[in-house]
Structures are given as structure tokens and as C-alpha cells.
$ cat target29.cif   # mmCIF, C-alpha atoms
data_target
loop_
_atom_site.label_atom_id
_atom_site.label_comp_id
_atom_site.auth_asym_id
_atom_site.auth_seq_id
_atom_site.Cartn_x
_atom_site.Cartn_y
_atom_site.Cartn_z
CA MET A 1 2.90 -42.88 25.70
CA GLY A 2 5.73 -41.17 27.56
CA VAL A 3 7.68 -40.64 24.34
CA SER A 4 4.71 -39.13 22.47
CA LYS A 5 4.06 -36.78 25.41
CA LEU A 6 7.70 -35.68 25.33
CA LYS A 7 7.54 -35.22 21.54
CA SER A 8 4.37 -33.17 21.90
CA SER A 9 6.04 -30.98 24.55
CA VAL A 10 9.07 -30.41 22.32
CA LEU A 11 6.82 -29.49 19.38
CA LEU A 12 4.88 -27.12 21.59
CA ASP A 13 8.08 -25.45 22.82
CA GLU A 14 9.38 -25.07 19.26
CA GLU A 15 6.12 -23.53 18.12
CA LEU A 16 6.07 -21.17 21.09
CA LEU A 17 9.62 -20.03 20.35
CA ARG A 18 8.67 -19.46 16.72
CA PHE A 19 5.64 -17.48 17.83
CA MET A 20 7.76 -15.27 20.09
CA GLU A 21 10.31 -14.71 17.33
CA LEU A 22 7.56 -13.69 14.92
CA LEU A 23 6.11 -11.26 17.47
CA GLU A 24 9.53 -9.75 18.04
CA LEU A 25 10.11 -9.35 14.31
CA LEU A 26 6.64 -7.85 13.88
CA GLU A 27 7.33 -5.31 16.62
CA GLU A 28 10.65 -4.42 15.02
CA LYS A 29 9.06 -3.89 11.60
CA ARG A 30 6.21 -1.95 13.18
CA THR A 31 8.64 0.48 14.81
CA ALA A 32 10.40 1.10 11.49
CA PHE A 33 7.04 1.39 9.71
CA ASN A 34 5.66 3.94 12.19
CA SER A 35 8.80 6.07 12.16
CA LEU A 36 8.83 6.12 8.34
CA ILE A 37 5.19 7.25 8.28
CA GLU A 38 6.00 10.00 10.78
CA GLN A 39 8.94 11.07 8.62
CA GLY A 40 6.59 11.19 5.62
CA TRP A 41 4.06 13.38 7.43
CA PHE A 42 6.81 15.70 8.58
CA SER A 43 8.00 16.10 4.98
CA ILE A 44 4.40 16.71 3.78
CA SER A 45 4.02 19.39 6.46
CA LYS A 46 7.28 21.03 5.36
CA ALA A 47 6.11 20.97 1.73
CA ARG A 48 2.78 22.50 2.77
CA TYR A 49 4.61 25.22 4.65
CA SER A 50 6.66 26.16 1.60
CA MET A 51 3.95 25.69 -1.06
CA GLY A 52 0.95 27.06 0.81
CA ASN A 53 -1.78 25.52 2.92
CA LYS A 54 -4.14 24.59 0.08
CA GLN A 55 -1.43 23.38 -2.30
CA VAL A 56 -0.91 19.98 -0.65
CA SER A 57 -4.38 18.58 -0.11
CA ALA A 58 -6.89 16.10 -1.47
CA LEU A 59 -8.04 18.77 -3.94
CA GLN A 60 -4.85 18.26 -5.94
CA TYR A 61 -5.47 14.58 -6.65
CA ALA A 62 -5.69 13.87 -10.39
CA SER A 63 -8.99 12.95 -12.01
CA GLU A 64 -7.40 9.88 -13.58
CA ILE A 65 -5.34 7.76 -11.20
CA GLU A 66 -3.49 4.60 -12.11
CA PRO A 67 -1.76 2.47 -9.48
CA LEU A 68 2.03 2.38 -9.66
CA VAL A 69 2.39 -0.30 -6.98
CA HIS A 70 0.85 -3.74 -6.93
CA VAL A 71 0.97 -6.35 -4.22
CA HIS A 72 1.36 -10.01 -5.14
CA THR A 73 -0.01 -12.64 -2.79
CA ARG A 74 1.03 -16.28 -2.66
CA THR A 75 -0.37 -18.95 -0.34
CA LEU A 76 2.43 -20.99 1.20
CA ASP A 77 2.41 -24.73 2.01
CA ASN A 78 2.16 -24.09 5.76
CA GLY A 79 -1.02 -22.05 5.27
CA GLY A 80 0.72 -18.69 5.50
CA VAL A 81 0.42 -15.98 2.88
CA ASP A 82 3.37 -14.21 1.32
CA PHE A 83 2.86 -10.59 0.28
CA HIS A 84 5.32 -8.67 -1.83
CA THR A 85 5.05 -5.38 -3.62
CA GLU A 86 5.94 -4.71 -7.21
CA ARG A 87 6.43 -1.23 -8.58
CA VAL A 88 5.34 -0.43 -12.15
CA GLN A 89 8.46 0.52 -14.08
CA GLN A 90 8.15 4.08 -15.25
CA ASN A 91 10.89 6.16 -16.74
CA TYR A 92 9.98 9.63 -15.59
CA SER A 93 13.24 11.13 -16.85
CA ASN A 94 12.49 9.97 -20.41
CA ASP A 95 9.01 11.45 -20.20
CA THR A 96 10.35 14.83 -19.22
CA GLU A 97 12.97 14.67 -21.97
CA GLN A 98 10.26 13.97 -24.55
CA ASP A 99 8.18 16.83 -23.21
CA ALA A 100 11.13 19.18 -23.47
CA ARG A 101 11.84 18.07 -27.04
CA SER A 102 8.22 18.53 -28.10
CA VAL A 103 8.29 22.09 -26.77
CA GLU A 104 11.44 22.81 -28.77
CA ASP A 105 9.88 21.36 -31.96
CA ILE A 106 7.03 23.86 -31.91
CA GLY A 107 9.33 26.82 -32.58
CA PRO A 108 10.89 25.77 -35.95
CA GLN A 109 7.52 24.42 -37.20
CA GLU A 110 5.87 27.79 -36.92
CA GLU A 111 8.86 29.60 -38.40
CA GLY A 112 8.79 27.27 -41.40
CA VAL A 113 5.51 28.64 -42.79
CA ARG A 114 6.72 32.18 -42.97
CA ARG A 115 7.22 33.64 -46.48
CA ARG A 116 9.22 36.71 -47.31
CA LYS A 117 8.68 38.90 -50.36
CA GLY A 118 11.42 40.37 -52.53
CA GLN A 119 13.47 37.25 -53.05
CA ASP A 120 14.52 35.91 -56.44
CA ASN A 121 12.95 32.72 -57.83
CA ARG A 122 15.97 30.58 -57.07
CA GLY A 123 16.01 31.60 -53.45
CA LEU A 124 12.25 31.03 -53.23
CA LYS A 125 12.58 27.58 -54.78
CA ASP A 126 15.33 26.64 -52.32
CA MET A 127 13.22 27.85 -49.49
CA MET A 128 10.15 25.90 -50.66
CA GLU A 129 12.24 22.73 -50.93
CA LYS A 130 13.55 23.34 -47.46
CA ASP A 131 10.02 23.93 -46.20
CA ALA A 132 8.74 20.76 -47.87
CA SER A 133 11.47 18.65 -46.30
CA HIS A 134 10.86 20.34 -42.96
CA PHE A 135 7.11 19.69 -43.14
CA GLY A 136 7.82 16.10 -44.09
CA SER A 137 9.85 15.61 -40.97
CA THR A 138 7.30 17.32 -38.75
CA THR A 139 4.35 15.33 -40.08
CA ASN A 140 6.27 12.21 -39.18
CA ALA A 141 6.92 13.54 -35.73
CA VAL A 142 3.35 14.67 -34.99
CA PRO A 143 1.77 11.22 -34.35
CA HIS A 144 4.38 10.60 -31.66
CA ARG A 145 3.19 13.50 -29.57
CA LYS A 146 -0.14 13.13 -27.84
CA SER A 147 -1.58 15.83 -25.68
CA GLU A 148 -3.76 13.35 -23.75
CA PRO A 149 -3.07 13.37 -20.02
CA ASN A 150 -1.09 10.35 -18.86
CA PRO A 151 -3.02 8.68 -16.03
CA GLY A 152 0.02 6.70 -14.96
CA GLN A 153 2.07 9.78 -14.29
CA ASP A 154 4.14 10.43 -11.19
CA PRO A 155 1.75 11.60 -8.40
CA LEU A 156 4.29 14.32 -7.56
CA LYS A 157 3.15 16.15 -10.71
CA TRP A 158 -0.35 16.57 -9.25
CA PHE A 159 1.15 19.15 -6.93
CA GLY A 160 3.03 21.09 -9.61
CA ILE A 161 5.95 20.87 -11.97
CA LEU A 162 8.56 22.21 -9.60
CA VAL A 163 7.72 20.68 -6.25
CA PRO A 164 9.89 21.24 -3.19
CA GLN A 165 12.45 18.65 -2.17
CA SER A 166 10.48 17.89 1.00
CA LEU A 167 7.57 16.53 -1.07
CA LYS A 168 9.98 14.24 -2.91
CA GLN A 169 11.30 13.09 0.47
CA ALA A 170 7.71 12.41 1.60
CA GLN A 171 7.18 10.30 -1.52
CA SER A 172 10.33 8.30 -0.92
CA SER A 173 9.33 7.69 2.74
CA PHE A 174 5.91 6.43 1.74
CA LYS A 175 7.41 4.20 -0.96
CA GLN A 176 9.49 2.52 1.76
CA VAL A 177 6.39 2.32 3.98
CA LEU A 178 4.60 0.40 1.23
CA GLU A 179 7.36 -2.20 1.01
CA LEU A 180 7.27 -2.61 4.78
CA SER A 181 3.49 -2.88 4.80
CA ALA A 182 3.68 -6.00 2.61
CA GLU A 183 6.22 -7.54 5.00
CA ILE A 184 4.04 -6.67 8.01
CA ALA A 185 0.94 -8.15 6.34
CA ALA A 186 2.84 -11.42 5.77
CA LEU A 187 4.10 -11.42 9.37
CA GLN A 188 0.62 -10.77 10.75
CA THR A 189 -0.71 -13.79 8.87
CA SER A 190 2.16 -15.94 10.15
CA VAL A 191 1.52 -14.80 13.74
CA ILE A 192 -2.16 -15.75 13.51
CA ASN A 193 -1.37 -19.11 11.91
CA THR A 194 1.28 -19.92 14.50
CA ARG A 195 -1.17 -19.01 17.24
CA GLN A 196 -3.69 -21.47 15.76
CA GLU A 197 -1.03 -24.17 15.56
CA LEU A 198 -0.03 -23.48 19.16
CA LYS A 199 -3.61 -23.89 20.29
CA ARG A 200 -3.90 -27.17 18.42
CA LEU A 201 -0.70 -28.54 19.95
CA MET A 202 -1.80 -27.51 23.44
CA LYS A 203 -5.08 -29.32 22.93
CA ASP A 204 -3.24 -32.46 21.74
CA LYS A 205 -0.96 -32.35 24.77
CA ARG A 206 -3.91 -31.98 27.13
CA ILE A 207 -5.61 -35.01 25.57
CA LEU A 208 -2.40 -37.05 25.95
CA GLU A 209 -2.06 -35.99 29.60
CA GLU A 210 -5.65 -37.01 30.31
CA LYS A 211 -5.03 -40.42 28.71
CA VAL A 212 -1.92 -40.96 30.84
CA LEU A 213 -3.84 -40.02 33.98
CA GLU A 214 -6.66 -42.43 33.07
CA GLU A 215 -4.16 -45.25 32.47
CA MET A 216 -2.47 -44.58 35.80
CA HIS A 217 -5.82 -44.49 37.55
CA SER A 218 -6.92 -47.83 36.01
CA LYS A 219 -3.59 -49.43 37.02
CA THR A 220 -3.94 -48.31 40.64
CA THR A 221 -7.54 -49.56 40.88
CA ASP A 222 -6.45 -52.97 39.45
CA MET B 1 5.32 -12.45 -12.76
CA ALA B 2 2.03 -13.68 -14.11
CA GLY B 3 -0.88 -11.27 -14.15
CA ARG B 4 -1.47 -7.96 -12.47
CA GLY B 5 -1.11 -7.90 -8.72
CA LYS B 6 -3.61 -6.67 -6.20
CA LEU B 7 -4.07 -3.13 -4.92
CA ILE B 8 -3.34 -1.52 -1.59
CA ALA B 9 -6.34 0.41 -0.25
CA VAL B 10 -6.23 3.15 2.36
CA ILE B 11 -8.78 4.65 4.76
CA GLY B 12 -7.30 7.58 6.58
CA ASP B 13 -7.03 11.27 7.24
CA GLU B 14 -5.98 13.65 4.48
CA ASP B 15 -2.24 13.49 5.11
CA THR B 16 -2.17 9.72 5.38
CA CYS B 17 -4.06 9.36 2.08
CA THR B 18 -1.93 12.02 0.38
CA GLY B 19 1.24 10.27 1.51
CA PHE B 20 0.19 6.84 0.31
CA LEU B 21 -1.14 8.23 -2.94
CA LEU B 22 2.22 9.93 -3.47
CA GLY B 23 3.69 6.47 -2.97
CA GLY B 24 1.63 5.34 -5.97
CA ILE B 25 -1.14 3.16 -4.55
CA GLY B 26 -4.08 5.22 -5.85
CA GLU B 27 -6.53 3.90 -8.41
CA LEU B 28 -9.78 5.10 -9.89
CA ASN B 29 -11.31 2.13 -11.66
CA LYS B 30 -13.63 2.09 -14.68
CA ASN B 31 -16.61 2.80 -12.45
CA ARG B 32 -14.70 5.76 -10.97
CA LYS B 33 -14.53 3.95 -7.63
CA PRO B 34 -11.37 4.87 -5.72
CA ASN B 35 -9.33 2.51 -3.54
CA PHE B 36 -8.98 5.19 -0.87
CA LEU B 37 -11.22 7.14 1.48
CA VAL B 38 -10.21 10.50 2.92
CA VAL B 39 -11.89 10.69 6.31
CA GLU B 40 -12.86 14.24 7.20
CA LYS B 41 -14.48 15.53 10.37
CA ASP B 42 -17.93 15.20 8.83
CA THR B 43 -17.45 11.67 7.43
CA SER B 44 -20.00 9.39 9.05
CA ILE B 45 -19.14 6.05 10.67
CA THR B 46 -21.65 4.36 8.36
CA GLU B 47 -19.77 5.65 5.33
CA ILE B 48 -16.46 4.42 6.77
CA GLU B 49 -17.92 1.00 7.54
CA GLU B 50 -19.51 0.68 4.12
CA THR B 51 -16.27 1.63 2.40
CA PHE B 52 -14.31 -0.84 4.54
CA LYS B 53 -16.78 -3.62 3.72
CA SER B 54 -16.69 -2.74 0.02
CA PHE B 55 -12.87 -2.99 0.12
CA LEU B 56 -13.15 -6.40 1.81
CA ALA B 57 -15.53 -7.55 -0.91
CA ARG B 58 -13.26 -6.42 -3.75
CA SER B 59 -11.11 -9.23 -5.08
CA ASP B 60 -8.51 -6.82 -6.46
CA ILE B 61 -7.47 -5.50 -3.04
CA GLY B 62 -4.66 -7.27 -1.18
CA ILE B 63 -3.96 -4.98 1.76
CA ILE B 64 -6.15 -2.42 3.54
CA LEU B 65 -4.36 0.29 5.50
CA ILE B 66 -6.50 2.06 8.07
CA ASN B 67 -5.71 4.71 10.68
CA GLN B 68 -6.05 3.16 14.12
CA PHE B 69 -8.41 5.84 15.40
CA ILE B 70 -10.72 5.13 12.45
CA ALA B 71 -10.37 1.38 13.04
CA GLU B 72 -11.60 2.00 16.60
CA MET B 73 -14.84 3.42 15.16
CA ILE B 74 -15.54 0.23 13.21
CA ARG B 75 -13.79 -2.27 15.52
CA HIS B 76 -16.60 -4.83 15.24
CA ALA B 77 -16.24 -4.94 11.44
CA ILE B 78 -12.46 -5.36 11.69
CA ASP B 79 -12.68 -8.07 14.34
CA ALA B 80 -15.21 -9.93 12.20
CA HIS B 81 -12.74 -10.14 9.30
CA MET B 82 -10.87 -13.43 9.67
CA GLN B 83 -9.44 -14.00 6.19
CA SER B 84 -5.76 -13.50 5.38
CA ILE B 85 -6.55 -11.63 2.16
CA PRO B 86 -7.09 -8.72 2.22
CA ALA B 87 -4.78 -8.14 5.18
CA VAL B 88 -5.84 -5.26 7.43
CA LEU B 89 -3.04 -3.10 8.80
CA GLU B 90 -3.74 -0.53 11.48
CA ILE B 91 -1.50 2.48 11.13
CA PRO B 92 -0.91 5.54 13.30
CA SER B 93 -2.27 8.97 12.45
CA LYS B 94 -0.84 12.41 13.10
CA GLU B 95 -2.91 12.98 16.21
CA HIS B 96 -3.17 9.39 17.44
CA PRO B 97 0.02 7.37 17.89
CA TYR B 98 -0.06 3.62 17.27
CA ASP B 99 -1.17 1.58 20.27
CA ALA B 100 -0.33 -2.11 19.96
CA SER B 101 -2.81 -3.06 22.69
CA LYS B 102 -5.66 -1.84 20.46
CA ASP B 103 -4.48 -3.67 17.33
CA SER B 104 -6.97 -6.33 16.29
CA ILE B 105 -4.34 -8.80 15.11
CA LEU B 106 -2.12 -8.47 18.17
CA ARG B 107 -5.08 -8.80 20.52
CA ARG B 108 -6.06 -11.95 18.69
CA ALA B 109 -2.48 -13.24 18.77
CA LYS B 110 -2.03 -12.61 22.47
CA GLY B 111 -5.12 -14.61 23.25
CA MET B 112 -7.10 -11.69 24.58
CA PHE B 113 -9.63 -12.05 21.86
CA SER B 114 -11.39 -15.17 23.10
CA ALA B 115 -11.76 -16.68 26.55
CA GLU B 116 -11.21 -20.13 25.05
CA ASP B 117 -7.48 -19.44 24.83
CA PHE B 118 -7.14 -19.22 28.61
CA ARG B 119 -8.50 -22.74 29.17
#
$ encode --input "target29.cif" --output "C-alpha cells"
Amino acid sequence: MGVSKLKSSVLLDEELLRFMELLELLEEKRTAFNSLIEQGWFSISKARYSMGNKQVSALQYASEIEPLVHVHTRTLDNGGVDFHTERVQQNYSNDTEQDARSVEDIGPQEEGVRRRKGQDNRGLKDMMEKDASHFGSTTNAVPHRKSEPNPGQDPLKWFGILVPQSLKQAQSSFKQVLELSAEIAALQTSVINTRQELKRLMKDKRILEEKVLEEMHSKTTD
Amino acid sequence: MAGRGKLIAVIGDEDTCTGFLLGGIGELNKNRKPNFLVVEKDTSITEIEETFKSFLARSDIGIILINQFIAEMIRHAIDAHMQSIPAVLEIPSKEHPYDASKDSILRRAKGMFSAEDFR
């Protein structure tokens, strides 16, 4: 009985230490999380100051919004839940390059249909051949370009093409906040689970203590 | 990574929502239902509570971020939520700094939530 009581006390102490460690870690993450959010707001305010009061508001949100971050949850063996974020891979630089190329393509296409009078037949023939080959290449290129709005686009573009650096800083702060939020969610779950475990162990210890007391009492009466 | 992950929802003031949407959490689903609620001065508590409950009921939401001052308005609904998923995170707002003593999870963890813990 004495050994099991000692074992129960050791388990309780270990669990309590774990609980304290988790709380400390949670507080640490919370501080970082809160300061990053504050940094983000400060950058949004700076962007609003440079762009204008109405330019950074809920009115600018796109009509089609696709999430670029997902959170994956996994239940662990000890009853805890692991959260981790995953960002949808998007190559914004390639998108902008394609846009730029499509704008450049429009120029030569329109020039290609122009006809000039006063040229000899040979010159005209050459030009028609050139036009035909040019049209051939453009018809191949047309299906690639779609003017449909891309719902999965970078949210920065909702606020304009050339946004101030401060808005980009705000975005980067909030991206970090999102990663931290998954860690905090996992920690919160662990804290609650450890608390439950602590309660259970305390109850077990109390039962053991009561049994010991009863045994001692019965021995003294005998 | 098998399958699409869950979403992060947000209930907050304009700047909080704008920030998190910039971070890329926003979604408008097929029914045009967003995973965020911008709380204005004229937003009613009923609307906030209904939105919060609808987020809890959605199986595609993994984390709900809510400004602490808004969480205070619907504290009973937050305290009633006991499941691990979706996790509810109380966050500060521009005018109301984060107060750990008000946080639902921390209050529960410190044993202030039920008198049973003191026995």
C-alpha cells in the first residue's frame, strides 16, 4: 500500500510539473502571438494612412475568396490534438509574369491585321504569309489566357496592384500569427487534458489515503 | 498529406478580420457563407452568437479566432464548448488588450471554472 501511495505521489508530481511547463510555454507563445498581431495592426494602420481611410477596409474584400491556409488536425494517443497549418503553394511571381506577357502579346496581334496599299504583289504575298504564321501562333496562345478572375489570388491584390510595403508587412505578420495560432490551439488542448489527468490522479491518491487510514483504524481497534 | 485540411474562422473587428484575411484564411463557400464575421458597432449579440454556433457546427472549421471583448459578450456559449475541435482562441483587439484572467481555457485550466476542483 505504501509503495502504491508513493508511486501515485510521484505520478502526481510529474503531471503537475508537466502542467506547469505547458502553462509556461502557452504564456510564452501567447506573448509572441499578441505582439505579432499588434505589429500587424500597426502595419495596417500605416497602410491606411498612406492609401486613404476607405482603401483598407472590409469593402475591398473580393467577391470570390478561396482559403490559402488550411489547418490539419490529428488526434494523438494521449488524447491530445495536434494542429498544424499548411499553406497552399501559389507562385505569385509566375502569375504576374504571365500577366505581363499577355499584355505584351496584345500589341503585335492588333498590328498584324493592318494592310497597306501600294505594295507590289510579292511584298503583299510575303506579308500575308507572315500574317498567317503570326495568326497561327496567336490562336495557339489564346486558349492559355483566361480573363476569369482567379479566386485563389493573393489577398494583397484586393487592395490594389501597387500596395504599400506596410501592407505587405501586415500580411507577413498575420501569416506568422496563423502558424502560432495552430501551436497555441494544440497547447490549449494539452493544458486541458493534463488538467483532467491531474484531477484523476488526485482522486486516486485521495482514495488510497482513505484506504490506508481505514486499515490503520481497523488495526488500532483490533 | 491526405485530403484538404480544415479552415480557420475569425470573429472580430474590421482590422482583425482584414489582417487574418490578408494572411489567407478567408473562404466563401458554395452557399456564399463566409468563415469570418466583421463585428461592427451595430452588430447584435444574437448575430454574433448565431455565427459562433454555426462555426462550431461546421465540420470544416478547425480553429475559431475571436476577439476577447466579443468573446465576453457570448461567454456562456464559449464556456459551453468543451470539444477540442474546433479550438477556440481568444485574441486581443486594438482597443482591448488580451487579459489572461478572462480567457475561458485558462480559467478552466486554473481550476476557477468549477468548485469541484478545490475539493
$ resolve_selection --input "target29.cif" --expression "the PyMOL selection byres ((chain B) within 9 of (chain A))" --output "JSON, numbers by chain"
{"B": [1, 4, 5, 6, 7, 8, 14, 15, 16, 17, 18, 19, 20, 21, 22, 23, 24, 25, 26, 27, 28, 29, 32, 34, 38, 61, 62, 63, 65, 84, 85, 87, 88, 89, 91, 92, 93, 94, 97, 98, 100, 105, 106, 108, 109, 110, 111, 117]}
$ axis_aligned_box --input "target29.cif" --around "stretch 71-85 of chain B" --padding-each-side "8 Å" --output "AutoDock Vina command-line options"
--center_x -11.2 --center_y -5.3 --center_z 9.4 --size_x 26.8 --size_y 33.4 --size_z 30.4
$ atom_distance --input "target29.cif" --atom1 "atom CA of B:Glu40" --atom2 "atom CA of B:Glu95"
13.5 Å
$ closest_residue --input "target29.cif" --among "B:Ser104, B:Ser44, B:Gln83, B:Ser54" --to "B:Ala71" --atoms "all atoms listed in the file"
B:Ser104
$ decode --input "target29.cif" --residues "stretch 98-109 of chain B" --atoms "all heavy atoms" --output "PDB file, in the first residue's frame"
ATOM      1  N   TYR B  98      -5.262  41.798 -24.449  1.00  0.00           N
ATOM      2  CA  TYR B  98      -5.586  40.436 -24.002  1.00  0.00           C
ATOM      3  C   TYR B  98      -5.450  40.328 -22.485  1.00  0.00           C
ATOM      4  O   TYR B  98      -4.453  40.760 -21.913  1.00  0.00           O
ATOM      5  CB  TYR B  98      -4.645  39.445 -24.704  1.00  0.00           C
ATOM      6  CG  TYR B  98      -4.795  38.024 -24.251  1.00  0.00           C
ATOM      7  CD1 TYR B  98      -5.886  37.279 -24.648  1.00  0.00           C
ATOM      8  CD2 TYR B  98      -3.845  37.436 -23.426  1.00  0.00           C
ATOM      9  CE1 TYR B  98      -6.031  35.963 -24.237  1.00  0.00           C
ATOM     10  CE2 TYR B  98      -3.980  36.119 -23.015  1.00  0.00           C
ATOM     11  CZ  TYR B  98      -5.075  35.395 -23.423  1.00  0.00           C
ATOM     12  OH  TYR B  98      -5.210  34.106 -23.015  1.00  0.00           O
ATOM     13  N   ASP B  99      -6.456  39.758 -21.858  1.00  0.00           N
ATOM     14  CA  ASP B  99      -6.444  39.558 -20.410  1.00  0.00           C
ATOM     15  C   ASP B  99      -6.570  38.058 -20.134  1.00  0.00           C
ATOM     16  O   ASP B  99      -7.628  37.468 -20.354  1.00  0.00           O
ATOM     17  CB  ASP B  99      -7.614  40.346 -19.777  1.00  0.00           C
ATOM     18  CG  ASP B  99      -7.636  40.243 -18.265  1.00  0.00           C
ATOM     19  OD1 ASP B  99      -6.814  39.497 -17.700  1.00  0.00           O
ATOM     20  OD2 ASP B  99      -8.489  40.923 -17.645  1.00  0.00           O
ATOM     21  N   ALA B 100      -5.473  37.467 -19.665  1.00  0.00           N
ATOM     22  CA  ALA B 100      -5.443  36.011 -19.459  1.00  0.00           C
ATOM     23  C   ALA B 100      -6.478  35.547 -18.429  1.00  0.00           C
ATOM     24  O   ALA B 100      -6.991  34.429 -18.525  1.00  0.00           O
ATOM     25  CB  ALA B 100      -4.053  35.581 -19.023  1.00  0.00           C
ATOM     26  N   SER B 101      -6.794  36.433 -17.464  1.00  0.00           N
ATOM     27  CA  SER B 101      -7.742  36.026 -16.412  1.00  0.00           C
ATOM     28  C   SER B 101      -9.163  35.866 -16.953  1.00  0.00           C
ATOM     29  O   SER B 101     -10.005  35.251 -16.321  1.00  0.00           O
ATOM     30  CB  SER B 101      -7.725  37.042 -15.279  1.00  0.00           C
ATOM     31  OG  SER B 101      -8.210  38.280 -15.741  1.00  0.00           O
ATOM     32  N   LYS B 102      -9.420  36.441 -18.145  1.00  0.00           N
ATOM     33  CA  LYS B 102     -10.755  36.306 -18.746  1.00  0.00           C
ATOM     34  C   LYS B 102     -10.841  35.115 -19.702  1.00  0.00           C
ATOM     35  O   LYS B 102     -11.919  34.701 -20.097  1.00  0.00           O
ATOM     36  CB  LYS B 102     -11.091  37.588 -19.531  1.00  0.00           C
ATOM     37  CG  LYS B 102     -11.408  38.776 -18.642  1.00  0.00           C
ATOM     38  CD  LYS B 102     -11.708  39.978 -19.499  1.00  0.00           C
ATOM     39  CE  LYS B 102     -11.951  41.215 -18.655  1.00  0.00           C
ATOM     40  NZ  LYS B 102     -11.982  42.435 -19.467  1.00  0.00           N
ATOM     41  N   ASP B 103      -9.684  34.595 -20.106  1.00  0.00           N
ATOM     42  CA  ASP B 103      -9.645  33.520 -21.107  1.00  0.00           C
ATOM     43  C   ASP B 103     -10.333  32.255 -20.583  1.00  0.00           C
ATOM     44  O   ASP B 103     -10.002  31.762 -19.497  1.00  0.00           O
ATOM     45  CB  ASP B 103      -8.188  33.214 -21.477  1.00  0.00           C
ATOM     46  CG  ASP B 103      -8.091  32.376 -22.727  1.00  0.00           C
ATOM     47  OD1 ASP B 103      -8.676  31.278 -22.742  1.00  0.00           O
ATOM     48  OD2 ASP B 103      -7.451  32.816 -23.697  1.00  0.00           O
ATOM     49  N   SER B 104     -11.257  31.769 -21.359  1.00  0.00           N
ATOM     50  CA  SER B 104     -12.052  30.599 -20.987  1.00  0.00           C
ATOM     51  C   SER B 104     -11.184  29.377 -20.677  1.00  0.00           C
ATOM     52  O   SER B 104     -11.391  28.696 -19.670  1.00  0.00           O
ATOM     53  CB  SER B 104     -12.990  30.284 -22.139  1.00  0.00           C
ATOM     54  OG  SER B 104     -14.183  29.791 -21.671  1.00  0.00           O
ATOM     55  N   ILE B 105     -10.217  29.124 -21.529  1.00  0.00           N
ATOM     56  CA  ILE B 105      -9.367  27.936 -21.386  1.00  0.00           C
ATOM     57  C   ILE B 105      -8.500  28.039 -20.132  1.00  0.00           C
ATOM     58  O   ILE B 105      -8.389  27.098 -19.350  1.00  0.00           O
ATOM     59  CB  ILE B 105      -8.483  27.761 -22.649  1.00  0.00           C
ATOM     60  CG1 ILE B 105      -9.344  27.501 -23.884  1.00  0.00           C
ATOM     61  CG2 ILE B 105      -7.442  26.656 -22.458  1.00  0.00           C
ATOM     62  CD1 ILE B 105     -10.028  26.157 -23.931  1.00  0.00           C
ATOM     63  N   LEU B 106      -7.895  29.220 -19.941  1.00  0.00           N
ATOM     64  CA  LEU B 106      -7.018  29.391 -18.785  1.00  0.00           C
ATOM     65  C   LEU B 106      -7.792  29.344 -17.474  1.00  0.00           C
ATOM     66  O   LEU B 106      -7.311  28.811 -16.485  1.00  0.00           O
ATOM     67  CB  LEU B 106      -6.223  30.691 -18.905  1.00  0.00           C
ATOM     68  CG  LEU B 106      -5.130  30.667 -19.977  1.00  0.00           C
ATOM     69  CD1 LEU B 106      -4.424  31.999 -20.071  1.00  0.00           C
ATOM     70  CD2 LEU B 106      -4.105  29.577 -19.672  1.00  0.00           C
ATOM     71  N   ARG B 107      -8.997  29.886 -17.490  1.00  0.00           N
ATOM     72  CA  ARG B 107      -9.834  29.833 -16.287  1.00  0.00           C
ATOM     73  C   ARG B 107     -10.168  28.382 -15.955  1.00  0.00           C
ATOM     74  O   ARG B 107     -10.132  27.965 -14.807  1.00  0.00           O
ATOM     75  CB  ARG B 107     -11.122  30.630 -16.514  1.00  0.00           C
ATOM     76  CG  ARG B 107     -10.940  32.129 -16.257  1.00  0.00           C
ATOM     77  CD  ARG B 107     -12.134  32.895 -16.709  1.00  0.00           C
ATOM     78  NE  ARG B 107     -13.344  32.456 -16.031  1.00  0.00           N
ATOM     79  CZ  ARG B 107     -14.557  32.509 -16.569  1.00  0.00           C
ATOM     80  NH1 ARG B 107     -14.716  32.963 -17.799  1.00  0.00           N
ATOM     81  NH2 ARG B 107     -15.607  32.128 -15.898  1.00  0.00           N
ATOM     82  N   ARG B 108     -10.439  27.633 -17.007  1.00  0.00           N
ATOM     83  CA  ARG B 108     -10.761  26.215 -16.830  1.00  0.00           C
ATOM     84  C   ARG B 108      -9.521  25.469 -16.316  1.00  0.00           C
ATOM     85  O   ARG B 108      -9.603  24.633 -15.432  1.00  0.00           O
ATOM     86  CB  ARG B 108     -11.184  25.631 -18.181  1.00  0.00           C
ATOM     87  CG  ARG B 108     -12.262  24.592 -18.078  1.00  0.00           C
ATOM     88  CD  ARG B 108     -12.640  24.083 -19.440  1.00  0.00           C
ATOM     89  NE  ARG B 108     -13.361  25.059 -20.249  1.00  0.00           N
ATOM     90  CZ  ARG B 108     -13.710  24.856 -21.515  1.00  0.00           C
ATOM     91  NH1 ARG B 108     -13.376  23.739 -22.121  1.00  0.00           N
ATOM     92  NH2 ARG B 108     -14.372  25.768 -22.178  1.00  0.00           N
ATOM     93  N   ALA B 109      -8.372  25.812 -16.904  1.00  0.00           N
ATOM     94  CA  ALA B 109      -7.125  25.126 -16.532  1.00  0.00           C
ATOM     95  C   ALA B 109      -6.714  25.441 -15.110  1.00  0.00           C
ATOM     96  O   ALA B 109      -6.171  24.590 -14.413  1.00  0.00           O
ATOM     97  CB  ALA B 109      -6.022  25.538 -17.483  1.00  0.00           C
TER      98      ALA B 109
END
